[in-house]
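Peer 1: Handing you a structure now.
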Amino acid sequence: VKSARFETIMFPFNFITCEAADELLPLAREHDVGFIVMKPLAGGMLDNVTIAFKYIFQFPDVVSIPGIEKVCEMEEILRVLEGPRQMTEAEQREMQQLREELGTRFCRRCDYCLPCTKEIPISTVMTSGSLFKRLAPALLFSDWVAETMEKAASCTQCGECEERCPYHLPIREMIVEQVDQYQEEKRKYQ
């Protein structure tokens, strides 16, 4: 941003991953650099589109590029855009509750935890909950997802990943939880 070589910056920003509001966004404003919001729905981890976008809309000088899979998702975002943007007290409480639930157990996909001695794609495993919501069962239980979860099941619990995680996530515990959830979803499907 300070280099004056760029007109825009694209950075993950949502009410869980909100660190950019303190330093990066003010710096972009100071240097007249546009700010493009990546992952306004936290990579699929946030289901409440209204709260997610009302949070983003309080920053009038940013542009969001959400990942959209269905027309109804775009329609929902447009309803928020066209409606009142101020969060209600109930929405603020729900946002705070989600922050507390996800804040200490939310993988930001930075991949500083890698490399894994078992070649587990840790951030993919850690965020697989969003895959369970978004992918059709035929895709979820075959090909790369199945291979990824099989690798995750081979985790030796060495802890090297946790030593490297800048967010101090309980990665070993979360991998076990995701593998268990995947196996449960697979049992339901079969």
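Residue names in the structure tokens use chain letters A, B, ... in the order shown, residue numbers from 1 in each chain, and ligand numbers from 1 in the order shown.
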Determine which residues of stretch 3-171 of chain A receive a DSSP assignment of helix (DSSP H, G or I), computed from the backbone, and state them as a PyMOL selection string.
Peer 2: chain A and resi 19-21+24-30+42-44+49-57+71-82+89-103+122-126+128-134+137-140+143-153+160-164+171
Peer 1: Residues near stretch 25-30 of chain A, anyone? I mean within 9 Å using only C-alpha atoms, not counting same-chain ones fewer than 6 positions away, as a PyMOL selection string.
Peer 2: chain A and resi 1-2+8-9+61-62
Peer 1: Which residues come within 12 Å of A:Tyr167, counting only C-alpha atoms, excluding same-chain residues fewer than 4 positions away, as number ranges by chain?
Peer 2: A: 17, 103-113, 161-163, 171
Peer 1: Could you jot down the atom CA of A:Gly159 to atom CA of A:Cys18 separation for me, Å, one decimal place?
Peer 2: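 Those two atoms sit 27.1 Å apart.
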Peer 1: Wanna dump the stretch 89-126 of chain A-stretch 137-157 of chain A contacts at 12 Å for me, each residue with its shortest atom pair and the distance in Å to one decimal, counting only C-alpha atoms, ordered by chain and number, as a tab-separated table?
Peer 2:
```
residue	atom	partner	partner_atom	distance
A:Cys116	CA	A:Cys155	CA	9.1
A:Thr117	CA	A:Thr156	CA	8.8
A:Lys118	CA	A:Cys155	CA	6.7
A:Glu119	CA	A:Lys151	CA	7.4
A:Ile120	CA	A:Lys151	CA	5.6
A:Pro121	CA	A:Thr148	CA	7.0
A:Ile122	CA	A:Ala152	CA	7.8
A:Ser123	CA	A:Thr148	CA	10.7
A:Thr124	CA	A:Thr148	CA	7.9
A:Val125	CA	A:Met149	CA	6.8
A:Met126	CA	A:Ala152	CA	9.7
```
Peer 1: Could you take the residues named above and write them with N, CA and C atoms, as a compact mmCIF listing (two decimals), in the first residue's frame?
Peer 2:
```txt
# COMPACT_ATOMS: atom_id res chain seq x y z
N CYS A 116 3.01 -30.33 6.46
CA CYS A 116 2.63 -31.41 7.35
C CYS A 116 3.45 -32.65 6.99
N THR A 117 3.94 -33.33 8.00
CA THR A 117 4.75 -34.53 7.74
C THR A 117 3.95 -35.63 7.05
N LYS A 118 2.64 -35.61 7.19
CA LYS A 118 1.78 -36.60 6.53
C LYS A 118 1.12 -36.02 5.26
N GLU A 119 1.57 -34.83 4.86
CA GLU A 119 1.06 -34.15 3.67
C GLU A 119 -0.44 -33.89 3.73
N ILE A 120 -0.93 -33.63 4.91
CA ILE A 120 -2.34 -33.29 5.09
C ILE A 120 -2.53 -31.83 4.70
N PRO A 121 -3.48 -31.52 3.81
CA PRO A 121 -3.77 -30.13 3.49
C PRO A 121 -4.62 -29.53 4.63
N ILE A 122 -3.93 -29.10 5.67
CA ILE A 122 -4.56 -28.77 6.94
C ILE A 122 -5.68 -27.75 6.80
N SER A 123 -5.45 -26.65 6.09
CA SER A 123 -6.49 -25.62 6.01
C SER A 123 -7.74 -26.15 5.30
N THR A 124 -7.57 -27.03 4.35
CA THR A 124 -8.73 -27.63 3.68
C THR A 124 -9.53 -28.47 4.67
N VAL A 125 -8.83 -29.25 5.47
CA VAL A 125 -9.50 -30.09 6.47
C VAL A 125 -10.19 -29.20 7.51
N MET A 126 -9.47 -28.18 7.95
CA MET A 126 -9.99 -27.30 9.01
C MET A 126 -11.25 -26.55 8.58
```
Peer 1: Residues at most 12 Å from A:Ser64, counting only C-alpha atoms, excluding those fewer than 6 positions away in the same chain, as a PyMOL selection string?
Peer 2: chain A and resi 9-14+34-41+52-57+77+81
Peer 1: I'd like the interatomic distance between atom CA of A:Glu185 and atom CA of A:Glu101, to a tenth of an Å.
Peer 2: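 Interatomic distance, atom CA of A:Glu185 to atom CA of A:Glu101: 21.8 Å.
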Peer 1: Hey, can you check how far atom CA of A:Glu173 sits from atom CA of A:Gln97?
Peer 2: 21.7 Å
Peer 1: Rank nothing, just name the residue among A:Met95, A:Gln190, A:Val49, A:Arg134 nearest to A:Leu78, using only C-alpha atoms.
Peer 2: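 For A:Leu78, the nearest of the candidates is A:Val49.
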Peer 1: Hey, which of A:Pro115, A:Asp32, A:Arg5, A:Lys188 ends up closest to A:Arg164? Count only C-alpha atoms.
Peer 2: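 Under the stated criterion, the closest residue is A:Pro115.
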